[in-house]
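What follows is the content of work.tsv (TSV, C-alpha atoms).
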```tsv
chain	number	residue	atom	x	y	z
A	1	MET	CA	-51.15	57.95	109.52
A	2	SER	CA	-50.18	55.60	106.73
A	3	ASP	CA	-46.53	56.27	107.51
A	4	TYR	CA	-46.99	54.88	111.03
A	5	SER	CA	-49.00	51.83	109.88
A	6	ALA	CA	-46.48	50.77	107.21
A	7	PRO	CA	-43.78	49.39	109.57
A	8	PRO	CA	-46.19	47.07	111.46
A	9	ARG	CA	-47.55	45.78	108.15
A	10	ALA	CA	-44.05	45.14	106.89
A	11	GLY	CA	-43.22	43.38	110.15
A	12	ARG	CA	-46.23	41.08	109.87
A	13	LYS	CA	-45.40	40.35	106.26
A	14	LEU	CA	-41.80	39.56	107.14
A	15	THR	CA	-42.94	37.27	109.95
A	16	LEU	CA	-45.23	35.34	107.61
A	17	VAL	CA	-42.48	34.95	105.03
A	18	VAL	CA	-39.97	33.73	107.62
A	19	LEU	CA	-42.44	31.26	109.13
A	20	GLY	CA	-43.41	30.04	105.67
A	21	LEU	CA	-39.79	29.44	104.70
A	22	ALA	CA	-39.15	27.65	107.98
A	23	ALA	CA	-42.17	25.41	107.37
A	24	LEU	CA	-40.92	24.74	103.85
A	25	ILE	CA	-37.49	23.66	105.09
A	26	THR	CA	-39.07	21.48	107.77
A	27	THR	CA	-41.31	19.82	105.19
A	28	MET	CA	-38.29	19.27	102.95
A	29	LEU	CA	-36.40	17.60	105.81
A	30	CYS	CA	-39.35	15.34	106.61
A	31	ALA	CA	-39.87	14.41	102.96
A	32	PHE	CA	-36.23	13.42	102.51
A	33	ALA	CA	-35.34	12.02	105.92
A	34	LEU	CA	-38.40	10.20	107.25
A	35	PRO	CA	-38.96	7.87	104.26
A	36	SER	CA	-35.24	7.04	104.25
A	37	LEU	CA	-35.22	6.27	107.98
A	38	HIS	CA	-38.19	3.93	107.59
A	39	SER	CA	-37.28	2.52	104.19
A	40	GLY	CA	-37.43	-1.19	103.52
A	41	PRO	CA	-39.87	-3.69	102.09
A	42	HIS	CA	-43.44	-2.65	102.83
A	43	HIS	CA	-46.14	-5.10	101.73
A	44	VAL	CA	-44.06	-6.16	98.73
A	45	PRO	CA	-46.13	-8.57	96.61
A	46	ILE	CA	-44.20	-11.78	95.94
A	47	GLY	CA	-45.26	-15.15	94.60
A	48	ALA	CA	-44.65	-18.56	96.14
A	49	THR	CA	-45.05	-22.02	94.68
A	50	GLY	CA	-44.01	-25.52	95.67
A	51	PRO	CA	-45.22	-28.30	97.98
A	52	ARG	CA	-48.26	-27.18	99.93
A	53	PRO	CA	-46.73	-27.59	103.42
A	54	ALA	CA	-43.65	-25.58	102.42
A	55	VAL	CA	-45.69	-22.77	100.87
A	56	GLU	CA	-48.03	-22.64	103.88
A	57	ALA	CA	-45.07	-22.45	106.23
A	58	LEU	CA	-43.56	-19.66	104.15
A	59	HIS	CA	-46.83	-17.77	104.14
A	60	LYS	CA	-47.18	-18.16	107.90
A	61	ASN	CA	-43.63	-17.03	108.66
A	62	ILE	CA	-43.14	-14.01	106.41
A	63	ASP	CA	-46.56	-12.74	105.28
A	64	GLY	CA	-47.12	-9.46	107.08
A	65	PRO	CA	-46.00	-5.83	106.97
A	66	ARG	CA	-42.91	-6.60	104.89
A	67	TRP	CA	-44.06	-9.22	102.38
A	68	ASP	CA	-47.41	-9.90	100.75
A	69	VAL	CA	-47.14	-13.57	99.84
A	70	ARG	CA	-49.36	-14.80	97.01
A	71	ARG	CA	-49.65	-18.47	96.20
A	72	TYR	CA	-49.28	-19.74	92.64
A	73	ALA	CA	-49.88	-23.22	91.27
A	74	THR	CA	-46.80	-23.46	89.06
A	75	THR	CA	-43.38	-21.93	88.55
A	76	ASP	CA	-44.46	-20.68	85.13
A	77	ALA	CA	-47.25	-18.71	86.78
A	78	VAL	CA	-44.75	-17.04	89.13
A	79	GLU	CA	-42.48	-16.17	86.20
A	80	SER	CA	-45.35	-14.75	84.16
A	81	ALA	CA	-46.64	-12.64	87.04
A	82	THR	CA	-43.14	-11.27	87.65
A	83	LYS	CA	-42.59	-10.36	84.00
A	84	GLU	CA	-45.94	-8.58	83.86
A	85	GLY	CA	-45.24	-6.61	87.03
A	86	ASP	CA	-48.09	-8.13	89.04
A	87	ILE	CA	-45.57	-9.18	91.70
A	88	ALA	CA	-42.05	-8.01	92.50
A	89	GLY	CA	-40.65	-11.52	92.26
A	90	GLY	CA	-41.17	-14.95	93.74
A	91	LEU	CA	-39.87	-18.13	95.30
A	92	ALA	CA	-40.25	-21.63	93.91
A	93	ILE	CA	-39.50	-24.25	96.58
A	94	THR	CA	-38.41	-27.66	95.33
A	95	ALA	CA	-36.63	-30.67	96.78
A	96	GLN	CA	-33.46	-29.60	94.95
A	97	GLY	CA	-33.44	-26.03	96.26
A	98	VAL	CA	-35.13	-22.65	96.13
A	99	ASP	CA	-35.46	-20.77	92.85
A	100	VAL	CA	-35.63	-16.99	93.35
A	101	TYR	CA	-37.27	-15.00	90.53
A	102	THR	CA	-36.48	-11.28	90.49
A	103	ALA	CA	-37.25	-8.17	88.45
A	104	THR	CA	-34.47	-5.72	89.21
A	105	ALA	CA	-35.87	-3.11	86.82
A	106	GLY	CA	-38.95	-2.98	89.02
A	107	GLY	CA	-36.92	-2.11	92.12
A	108	PRO	CA	-33.27	-2.95	92.85
A	109	SER	CA	-33.72	-2.71	96.61
A	110	VAL	CA	-36.57	-5.19	96.56
A	111	THR	CA	-34.46	-7.58	94.49
A	112	SER	CA	-31.69	-7.51	97.09
A	113	ALA	CA	-34.14	-8.14	99.92
A	114	LEU	CA	-35.88	-10.94	98.02
A	115	THR	CA	-32.55	-12.58	97.24
A	116	GLY	CA	-31.68	-12.52	100.94
A	117	LEU	CA	-35.06	-14.01	101.76
A	118	GLY	CA	-34.45	-16.83	99.27
A	119	ASP	CA	-31.10	-17.59	100.86
A	120	SER	CA	-32.74	-17.72	104.28
A	121	VAL	CA	-35.48	-20.11	103.12
A	122	ALA	CA	-32.90	-22.31	101.41
A	123	ALA	CA	-30.78	-22.45	104.56
A	124	GLN	CA	-33.79	-23.56	106.58
A	125	ASN	CA	-34.34	-26.40	104.12
A	126	THR	CA	-30.58	-27.18	103.98
A	127	THR	CA	-30.54	-26.51	100.23
A	128	GLN	CA	-29.21	-23.80	97.90
A	129	ALA	CA	-30.92	-20.78	96.39
A	130	THR	CA	-30.62	-19.99	92.68
A	131	VAL	CA	-31.47	-16.51	91.42
A	132	HIS	CA	-33.20	-16.06	88.05
A	133	GLU	CA	-33.30	-12.46	86.81
A	134	LEU	CA	-36.41	-12.02	84.67
A	135	VAL	CA	-36.58	-8.25	84.12
A	136	PRO	CA	-33.07	-6.80	84.35
A	137	PHE	CA	-31.82	-3.35	83.52
A	138	THR	CA	-29.99	-3.06	80.22
A	139	GLU	CA	-26.48	-4.44	79.75
A	140	ASP	CA	-25.09	-0.94	79.17
A	141	ASP	CA	-26.70	0.37	82.37
A	142	PRO	CA	-27.08	-2.61	84.74
A	143	ARG	CA	-27.81	-0.41	87.77
A	144	GLY	CA	-30.45	1.74	86.11
A	145	ALA	CA	-28.55	4.96	86.74
A	146	GLY	CA	-29.84	6.59	83.55
A	147	MET	CA	-33.50	5.96	84.36
A	148	THR	CA	-33.05	7.26	87.91
A	149	ALA	CA	-31.29	10.38	86.64
A	150	ALA	CA	-34.18	11.08	84.26
A	151	LEU	CA	-36.46	12.20	87.08
A	152	MET	CA	-34.80	15.58	87.61
A	153	PRO	CA	-34.96	16.60	83.91
A	154	MET	CA	-38.61	15.57	83.94
A	155	ILE	CA	-39.31	17.76	86.98
A	156	PHE	CA	-37.38	20.71	85.59
A	157	GLY	CA	-39.20	20.11	82.33
A	158	GLY	CA	-42.31	21.10	84.21
A	159	ILE	CA	-40.75	24.05	86.05
A	160	PHE	CA	-38.88	25.73	83.18
A	161	PRO	CA	-41.87	26.37	80.88
A	162	ALA	CA	-43.82	28.20	83.59
A	163	LEU	CA	-40.75	30.18	84.62
A	164	ILE	CA	-39.37	31.11	81.20
A	165	LEU	CA	-42.57	31.43	79.21
A	166	GLY	CA	-44.00	33.59	81.96
A	167	SER	CA	-41.13	36.03	81.44
A	168	VAL	CA	-41.24	36.00	77.64
A	169	PHE	CA	-45.05	36.18	77.32
A	170	PRO	CA	-46.20	37.97	80.47
A	171	GLY	CA	-49.65	39.12	81.46
A	172	HIS	CA	-53.11	37.93	80.63
A	173	ARG	CA	-52.63	38.35	76.86
A	174	GLY	CA	-49.77	35.85	76.87
A	175	LEU	CA	-51.58	33.23	78.96
A	176	ARG	CA	-52.83	31.06	76.10
A	177	THR	CA	-49.48	31.39	74.36
A	178	ARG	CA	-47.78	30.16	77.54
A	179	LEU	CA	-50.13	27.18	77.73
A	180	THR	CA	-49.50	26.28	74.09
A	181	GLY	CA	-45.76	26.69	74.58
A	182	ALA	CA	-45.77	24.47	77.67
A	183	VAL	CA	-47.48	21.64	75.79
A	184	LEU	CA	-45.18	21.96	72.78
A	185	PHE	CA	-42.14	22.05	75.05
A	186	SER	CA	-43.31	18.88	76.82
A	187	VAL	CA	-43.64	17.09	73.49
A	188	ALA	CA	-40.18	18.12	72.29
A	189	ALA	CA	-38.41	17.64	75.62
A	190	GLY	CA	-40.13	14.33	76.41
A	191	ALA	CA	-39.23	12.85	73.04
A	192	ALA	CA	-35.64	14.06	73.44
A	193	VAL	CA	-35.24	12.64	76.96
A	194	VAL	CA	-36.43	9.19	75.91
A	195	ALA	CA	-34.25	9.29	72.79
A	196	VAL	CA	-31.17	9.96	74.91
A	197	LEU	CA	-32.07	7.23	77.41
A	198	GLN	CA	-32.84	4.62	74.76
A	199	PHE	CA	-30.46	5.40	71.91
A	200	GLY	CA	-27.77	7.45	73.63
A	201	THR	CA	-27.04	5.85	77.00
A	202	HIS	CA	-28.98	2.61	76.28
A	203	SER	CA	-30.47	2.78	79.77
A	204	ILE	CA	-33.97	1.63	78.85
A	205	ASP	CA	-35.62	-0.85	76.53
A	206	GLY	CA	-39.13	-1.09	75.23
A	207	ASP	CA	-41.13	0.66	72.54
A	208	TYR	CA	-39.77	4.16	72.00
A	209	GLY	CA	-43.10	5.69	71.01
A	210	LEU	CA	-44.96	4.32	74.04
A	211	THR	CA	-42.22	5.37	76.46
A	212	ALA	CA	-41.98	8.82	74.91
A	213	LEU	CA	-45.74	9.33	75.20
A	214	GLY	CA	-45.52	8.52	78.90
A	215	VAL	CA	-42.72	11.02	79.53
A	216	ILE	CA	-44.54	13.67	77.47
A	217	LEU	CA	-47.67	13.13	79.56
A	218	GLY	CA	-45.65	13.48	82.76
A	219	MET	CA	-43.98	16.71	81.68
A	220	THR	CA	-47.30	18.09	80.48
A	221	ALA	CA	-48.89	17.32	83.83
A	222	MET	CA	-46.18	19.18	85.71
A	223	SER	CA	-45.87	22.14	83.34
A	224	THR	CA	-49.61	22.81	82.99
A	225	THR	CA	-50.13	22.52	86.75
A	226	LEU	CA	-47.34	24.98	87.54
A	227	LEU	CA	-48.49	27.29	84.75
A	228	GLY	CA	-52.04	27.26	86.09
A	229	LEU	CA	-50.93	27.94	89.66
A	230	GLN	CA	-48.73	30.77	88.44
A	231	ALA	CA	-51.51	32.30	86.36
A	232	LEU	CA	-54.05	32.08	89.15
A	233	LEU	CA	-51.96	32.84	92.25
A	234	GLY	CA	-48.89	34.57	90.83
A	235	VAL	CA	-45.43	34.01	92.27
A	236	ALA	CA	-46.87	32.34	95.37
A	237	GLY	CA	-48.66	29.74	93.24
A	238	PHE	CA	-45.54	28.98	91.22
A	239	ALA	CA	-43.45	28.68	94.41
A	240	LEU	CA	-46.01	26.36	96.00
A	241	GLY	CA	-46.22	24.12	92.95
A	242	GLY	CA	-42.46	24.00	92.49
A	243	ALA	CA	-41.95	23.12	96.15
A	244	VAL	CA	-44.46	20.27	95.93
A	245	MET	CA	-42.83	18.85	92.80
A	246	MET	CA	-39.25	19.18	94.05
A	247	LEU	CA	-39.46	18.74	97.81
A	248	LEU	CA	-42.22	16.12	97.97
A	249	GLY	CA	-42.49	14.61	94.51
A	250	ASN	CA	-38.78	13.95	94.07
A	251	PRO	CA	-37.95	12.01	97.27
A	252	LEU	CA	-41.31	10.23	97.32
A	253	SER	CA	-41.25	9.13	93.68
A	254	GLY	CA	-39.60	5.78	94.47
A	255	LEU	CA	-37.96	5.75	91.05
A	256	ALA	CA	-34.58	4.60	92.37
A	257	THR	CA	-35.85	1.95	94.77
A	258	GLY	CA	-39.38	1.14	93.69
A	259	PRO	CA	-42.47	2.41	95.54
A	260	HIS	CA	-42.68	-0.68	97.77
A	261	TRP	CA	-39.47	0.40	99.50
A	262	LEU	CA	-41.14	3.48	101.01
A	263	PRO	CA	-43.56	3.44	103.97
A	264	ASP	CA	-47.13	2.90	102.86
A	265	GLY	CA	-48.46	6.42	103.41
A	266	TRP	CA	-45.44	8.12	101.86
A	267	ALA	CA	-45.46	5.71	98.92
A	268	THR	CA	-49.14	6.38	98.22
A	269	LEU	CA	-48.63	10.14	98.36
A	270	GLY	CA	-45.62	9.88	96.07
A	271	GLN	CA	-47.52	7.92	93.44
A	272	LEU	CA	-50.33	10.49	93.46
A	273	LEU	CA	-47.92	13.33	92.65
A	274	PRO	CA	-46.73	13.91	89.07
A	275	PRO	CA	-43.05	12.96	89.65
A	276	GLY	CA	-43.97	9.61	91.19
A	277	ALA	CA	-46.60	8.80	88.58
A	278	SER	CA	-44.19	9.85	85.81
A	279	GLY	CA	-41.45	7.61	87.19
A	280	SER	CA	-43.78	4.63	87.46
A	281	LEU	CA	-45.08	5.18	83.95
A	282	LEU	CA	-41.52	5.36	82.63
A	283	ARG	CA	-40.63	2.12	84.42
A	284	VAL	CA	-43.57	0.06	83.19
A	285	ASN	CA	-43.33	1.35	79.63
A	286	ALA	CA	-39.57	0.87	79.38
A	287	PHE	CA	-39.28	-2.58	80.98
A	288	PHE	CA	-42.72	-4.18	81.38
A	289	GLY	CA	-44.24	-3.52	77.97
A	290	GLY	CA	-46.72	-0.99	79.33
A	291	VAL	CA	-48.47	-3.53	81.57
A	292	GLY	CA	-49.78	-1.64	84.59
A	293	ASP	CA	-49.61	1.81	83.01
A	294	GLY	CA	-53.29	2.57	83.58
A	295	LEU	CA	-53.10	4.04	87.10
A	296	PRO	CA	-50.07	6.32	86.62
A	297	ALA	CA	-51.43	7.50	83.27
A	298	LEU	CA	-54.78	8.28	84.93
A	299	VAL	CA	-53.07	10.22	87.73
A	300	LEU	CA	-51.10	12.31	85.23
A	301	THR	CA	-54.18	12.94	83.09
A	302	VAL	CA	-56.02	14.26	86.14
A	303	TRP	CA	-53.13	16.64	86.84
A	304	VAL	CA	-53.22	17.86	83.22
A	305	VAL	CA	-56.97	18.53	83.53
A	306	VAL	CA	-56.39	20.38	86.81
A	307	GLY	CA	-53.62	22.49	85.27
A	308	VAL	CA	-55.65	23.42	82.19
A	309	ALA	CA	-58.67	24.19	84.39
A	310	LEU	CA	-56.56	26.57	86.49
A	311	VAL	CA	-55.37	28.31	83.33
A	312	LEU	CA	-58.94	28.69	82.06
A	313	ILE	CA	-60.10	30.08	85.40
A	314	ALA	CA	-57.25	32.59	85.36
A	315	ASP	CA	-58.06	33.48	81.77
A	316	ARG	CA	-61.74	34.06	82.57
A	317	ARG	CA	-60.87	36.16	85.59
A	318	GLY	CA	-58.43	38.20	83.53
A	319	ARG	CA	-61.09	38.90	80.89
A	320	ARG	CA	-63.52	40.14	83.53
A	321	THR	CA	-61.02	42.46	85.16
A	322	ALA	CA	-59.54	43.81	81.92
A	323	PRO	CA	-60.33	47.55	81.52
A	324	SER	CA	-62.89	48.26	78.84
A	325	ARG	CA	-61.88	50.72	76.17
A	326	SER	CA	-64.35	53.16	74.71
A	327	ALA	CA	-64.57	53.46	70.96
A	328	PRO	CA	-62.39	56.28	69.59
A	329	ALA	CA	-64.05	59.44	68.30
A	330	PHE	CA	-63.33	60.77	64.81
A	331	ASP	CA	-63.85	64.20	63.26
A	332	SER	CA	-65.33	64.84	59.85
A	333	GLY	CA	-61.96	64.24	58.23
A	334	GLY	CA	-61.60	60.80	59.70
A	335	VAL	CA	-58.92	61.85	62.18
A	336	GLU	CA	-59.19	60.37	65.68
A	337	THR	CA	-59.77	63.00	68.30
A	338	SER	CA	-59.06	62.69	71.99
A	339	ARG	CA	-61.67	63.63	74.51
A	340	ARG	CA	-60.35	65.94	77.16
A	341	GLU	CA	-62.03	66.98	80.33
A	342	PRO	CA	-62.49	70.74	80.65
A	343	VAL	CA	-59.81	72.34	82.76
A	344	THR	CA	-61.13	74.12	85.79
A	345	PRO	CA	-59.34	77.40	86.29
```

Please rewrite the model in this file as structure tokens.
Amino acid sequence: MSDYSAPPRAGRKLTLVVLGLAALITTMLCAFALPSLHSGPHHVPIGATGPRPAVEALHKNIDGPRWDVRRYATTDAVESATKEGDIAGGLAITAQGVDVYTATAGGPSVTSALTGLGDSVAAQNTTQATVHELVPFTEDDPRGAGMTAALMPMIFGGIFPALILGSVFPGHRGLRTRLTGAVLFSVAAGAAVVAVLQFGTHSIDGDYGLTALGVILGMTAMSTTLLGLQALLGVAGFALGGAVMMLLGNPLSGLATGPHWLPDGWATLGQLLPPGASGSLLRVNAFFGGVGDGLPALVLTVWVVVGVALVLIADRRGRRTAPSRSAPAFDSGGVETSRREPVTP
């Protein structure tokens, strides 16, 4: 009877696999295409200062779904808020013209849009706009290509430990070794990635130790989460975690454009996933002196706790299901004897 039931079971299993893969590809398409189709400034916080009537008119005309206009008393206040990452930039309206303050390292796309906005405001006032770059990328990498490229090594830095360590140290006995190896790998790889970016390609500035700690935390969050899913759910858990990191976390990270360039819901989801939080932490540590690193660091810490908790649950379950071994029997000469069941003739 089992011979007749096997083909239907295989057919159902094949159907589930095919539907699952189709859903995965569809999710991948949505994650990559939809945010790109609806990309643009979304509630970008910018500062405005100048004569009260001009600032009120600016606030009335542009404050909305694209720009979140915040009023400041002085130009120095706008500059300070931009340098600290509180706002993406700002406009200072004077009788001589419009001063545009930008932070390209915080989001190149936002800088371009803000510059265009400054030109438009200046044209309305029949004056000229002057751009002041406050937080640029480095001179050796003015477009931030190195920092953007760092996201994929960070993601693979979370995938490789679970994949390789799982093969080298398989089974329940190797679980704690895999966890230790994943953390050690994150420390070594994170320090190496930041060293290349800062001293090799000169793509980032800032304190090396602080930036390296951020990247290490990001890799640890991804590696421990994938390791825990793999230990608890097997191949399916690893595949699920890898798909989330690659197919959702990568396009929704906003590392290349800045999170404000993605639609609100997608941007929020991206910043709650390890790749997005890792990218934001790298950005603020490398270019903004660590100001604003609290939220992404908290998100990554939560993922680390979740990953370790999954590993501990898998470890506890493995200990309960491990077969118990009876104590060996010895004869009078101290030689271990095997217990055999009597053979029935």

Distance query segment 155-157 of chain A at most 8 Å, only C-alpha atoms, self and fewer than 3 positions along chain excluded, as a ChimeraX atom specification: /A:151-152,160-161,186,189,219,222-223,245-246,275

Within 12 Å of Ala236 of chain A, counting only C-alpha atoms, which residues qualify if same-chain residues fewer than 5 places away don't, as number ranges by chain? A: 17, 20, 226-231, 241-243

Which polymer residues have any atom within 9 Å of an atom of Asp119 of chain A, counting only C-alpha atoms, with same-chain residues fewer than 4 positions away left out, as an MDAnalysis selection string? chainID A and resid 98 100 114:115 123:124 127:130

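Atom to atom, atom CA of His202 of chain A and atom CA of Phe287 of chain A stand 12.5 Å apart.
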
With distances taken over all atoms listed in the file, which residue among A:Asp293, A:Glu133, A:Asp315, A:Asp205 lies nearest Ser112 of chain A?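 Under the stated criterion, the closest residue is A:Glu133.
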
Measure the distance from atom CA of Ala195 of chain A to atom CA of Leu165 of chain A in Å and round it to one decimal.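 Going from atom CA of Ala195 of chain A over to atom CA of Leu165 of chain A, I get 24.5 Å.
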
Would you work out the distance separating atom CA of Ala162 of chain A from atom CA of Asn250 of chain A, expressed in Å to one decimal?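 Between these atoms lies a distance of 18.4 Å.
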
Hey, can you pull every residue with an atom no more than 8 Å from (-27.5, 1.6, 76.0), using all atoms listed in the file, and send it as number ranges by chain? A: 138-141, 197-204

Find the spatial neighbours of segment 66-69 of chain A, counting all atoms listed in the file, within a cut-off of 9 Å - ignore same-chain residues fewer than 4 positions away - and output them as number ranges by chain. A: 40-48, 58-59, 62, 90

Do a neighbour search on Asn125 of chain A at 10 Å with all atoms listed in the file, toss out local chain neighbours closer than 6 positions, and write the hits as a tab-separated table (two decimals) with C-alpha atoms, keeping the file's coordinate frame.
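Saved as part12.tsv:
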```tsv
chain	number	residue	atom	x	y	z
A	54	ALA	CA	-43.65	-25.58	102.42
A	93	ILE	CA	-39.50	-24.25	96.58
A	94	THR	CA	-38.41	-27.66	95.33
A	95	ALA	CA	-36.63	-30.67	96.78
A	96	GLN	CA	-33.46	-29.60	94.95
A	97	GLY	CA	-33.44	-26.03	96.26
A	98	VAL	CA	-35.13	-22.65	96.13
A	119	ASP	CA	-31.10	-17.59	100.86
```

Among listed residues A:Pro53, A:Gly307, A:Gly64, A:Gly206, nearest Gly290 of chain A (using only C-alpha atoms): A:Gly206

From the list A:Trp261, A:Phe137, A:Phe169, A:Phe185, which residue is nearest Ala103 of chain A when using all atoms listed in the file?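 Once distances to Ala103 of chain A are computed over all atoms listed in the file, the minimum belongs to A:Phe137.
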
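Ranking A:Gly289, A:Thr220, A:Leu175, A:Arg320 by their shortest atom-to-atom distance to Val305 of chain A, with all atoms listed in the file included, puts A:Thr220 first.
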
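Compared by their closest atoms to Leu217 of chain A, and using all atoms listed in the file, the residues A:Ala192, A:Ala150, A:Val291, A:Ala297 rank with A:Ala297 nearest.
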
Just checking: using only C-alpha atoms, which residue out of A:Leu272, A:Leu233, A:Val131, A:Val78 ends up closest to Ile313 of chain A? A:Leu233

Select, counting all atoms listed in the file, all protein, DNA and RNA residues no farther than 10 Å from (-44.2, -4.1, 81.7) in file coordinates, and express the selection as a short mmCIF file (atom, residue, chain, number, x, y, z; two decimals) with C-alpha atoms, in the coordinates of the input.
```cif
data_model
loop_
_atom_site.label_atom_id
_atom_site.label_comp_id
_atom_site.auth_asym_id
_atom_site.auth_seq_id
_atom_site.Cartn_x
_atom_site.Cartn_y
_atom_site.Cartn_z
CA THR A 82 -43.14 -11.27 87.65
CA LYS A 83 -42.59 -10.36 84.00
CA GLU A 84 -45.94 -8.58 83.86
CA GLY A 85 -45.24 -6.61 87.03
CA ASP A 86 -48.09 -8.13 89.04
CA ALA A 105 -35.87 -3.11 86.82
CA GLY A 106 -38.95 -2.98 89.02
CA VAL A 135 -36.58 -8.25 84.12
CA GLY A 206 -39.13 -1.09 75.23
CA LEU A 281 -45.08 5.18 83.95
CA LEU A 282 -41.52 5.36 82.63
CA ARG A 283 -40.63 2.12 84.42
CA VAL A 284 -43.57 0.06 83.19
CA ASN A 285 -43.33 1.35 79.63
CA ALA A 286 -39.57 0.87 79.38
CA PHE A 287 -39.28 -2.58 80.98
CA PHE A 288 -42.72 -4.18 81.38
CA GLY A 289 -44.24 -3.52 77.97
CA GLY A 290 -46.72 -0.99 79.33
CA VAL A 291 -48.47 -3.53 81.57
CA GLY A 292 -49.78 -1.64 84.59
CA ASP A 293 -49.61 1.81 83.01
#
```

Could you rebuild segment 217-231 of chain A with N, CA, C and O atoms and give it back as a CSV table (one decimal), keeping the file's coordinate frame?
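Result written to result-v2.csv:
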```
chain,number,residue,atom,x,y,z
A,217,LEU,N,-46.5,12.9,78.7
A,217,LEU,CA,-47.7,13.1,79.6
A,217,LEU,C,-47.2,13.6,80.9
A,217,LEU,O,-47.9,14.5,81.5
A,218,GLY,N,-46.1,13.0,81.5
A,218,GLY,CA,-45.6,13.5,82.8
A,218,GLY,C,-45.2,14.9,82.8
A,218,GLY,O,-45.5,15.7,83.7
A,219,MET,N,-44.4,15.3,81.8
A,219,MET,CA,-44.0,16.7,81.7
A,219,MET,C,-45.2,17.7,81.5
A,219,MET,O,-45.2,18.8,82.0
A,220,THR,N,-46.1,17.3,80.7
A,220,THR,CA,-47.3,18.1,80.5
A,220,THR,C,-48.1,18.3,81.8
A,220,THR,O,-48.6,19.4,82.1
A,221,ALA,N,-48.2,17.2,82.6
A,221,ALA,CA,-48.9,17.3,83.8
A,221,ALA,C,-48.2,18.3,84.7
A,221,ALA,O,-48.9,19.2,85.4
A,222,MET,N,-46.9,18.3,84.8
A,222,MET,CA,-46.2,19.2,85.7
A,222,MET,C,-46.2,20.6,85.2
A,222,MET,O,-46.4,21.6,85.9
A,223,SER,N,-46.0,20.8,83.9
A,223,SER,CA,-45.9,22.1,83.3
A,223,SER,C,-47.2,22.8,83.4
A,223,SER,O,-47.3,24.0,83.7
A,224,THR,N,-48.3,22.2,83.0
A,224,THR,CA,-49.6,22.8,83.0
A,224,THR,C,-50.1,23.1,84.4
A,224,THR,O,-50.7,24.2,84.6
A,225,THR,N,-49.8,22.3,85.4
A,225,THR,CA,-50.1,22.5,86.8
A,225,THR,C,-49.4,23.7,87.3
A,225,THR,O,-50.0,24.6,87.9
A,226,LEU,N,-48.1,23.8,87.1
A,226,LEU,CA,-47.3,25.0,87.5
A,226,LEU,C,-47.8,26.2,86.8
A,226,LEU,O,-47.9,27.3,87.4
A,227,LEU,N,-48.0,26.1,85.5
A,227,LEU,CA,-48.5,27.3,84.8
A,227,LEU,C,-49.8,27.8,85.3
A,227,LEU,O,-50.1,29.0,85.4
A,228,GLY,N,-50.7,26.9,85.6
A,228,GLY,CA,-52.0,27.3,86.1
A,228,GLY,C,-51.9,27.9,87.5
A,228,GLY,O,-52.6,28.9,87.7
A,229,LEU,N,-51.1,27.3,88.3
A,229,LEU,CA,-50.9,27.9,89.7
A,229,LEU,C,-50.3,29.3,89.5
A,229,LEU,O,-50.7,30.3,90.3
A,230,GLN,N,-49.4,29.5,88.6
A,230,GLN,CA,-48.7,30.8,88.4
A,230,GLN,C,-49.7,31.8,87.9
A,230,GLN,O,-49.8,32.9,88.3
A,231,ALA,N,-50.5,31.4,86.9
A,231,ALA,CA,-51.5,32.3,86.4
A,231,ALA,C,-52.6,32.7,87.4
A,231,ALA,O,-53.1,33.9,87.3
```
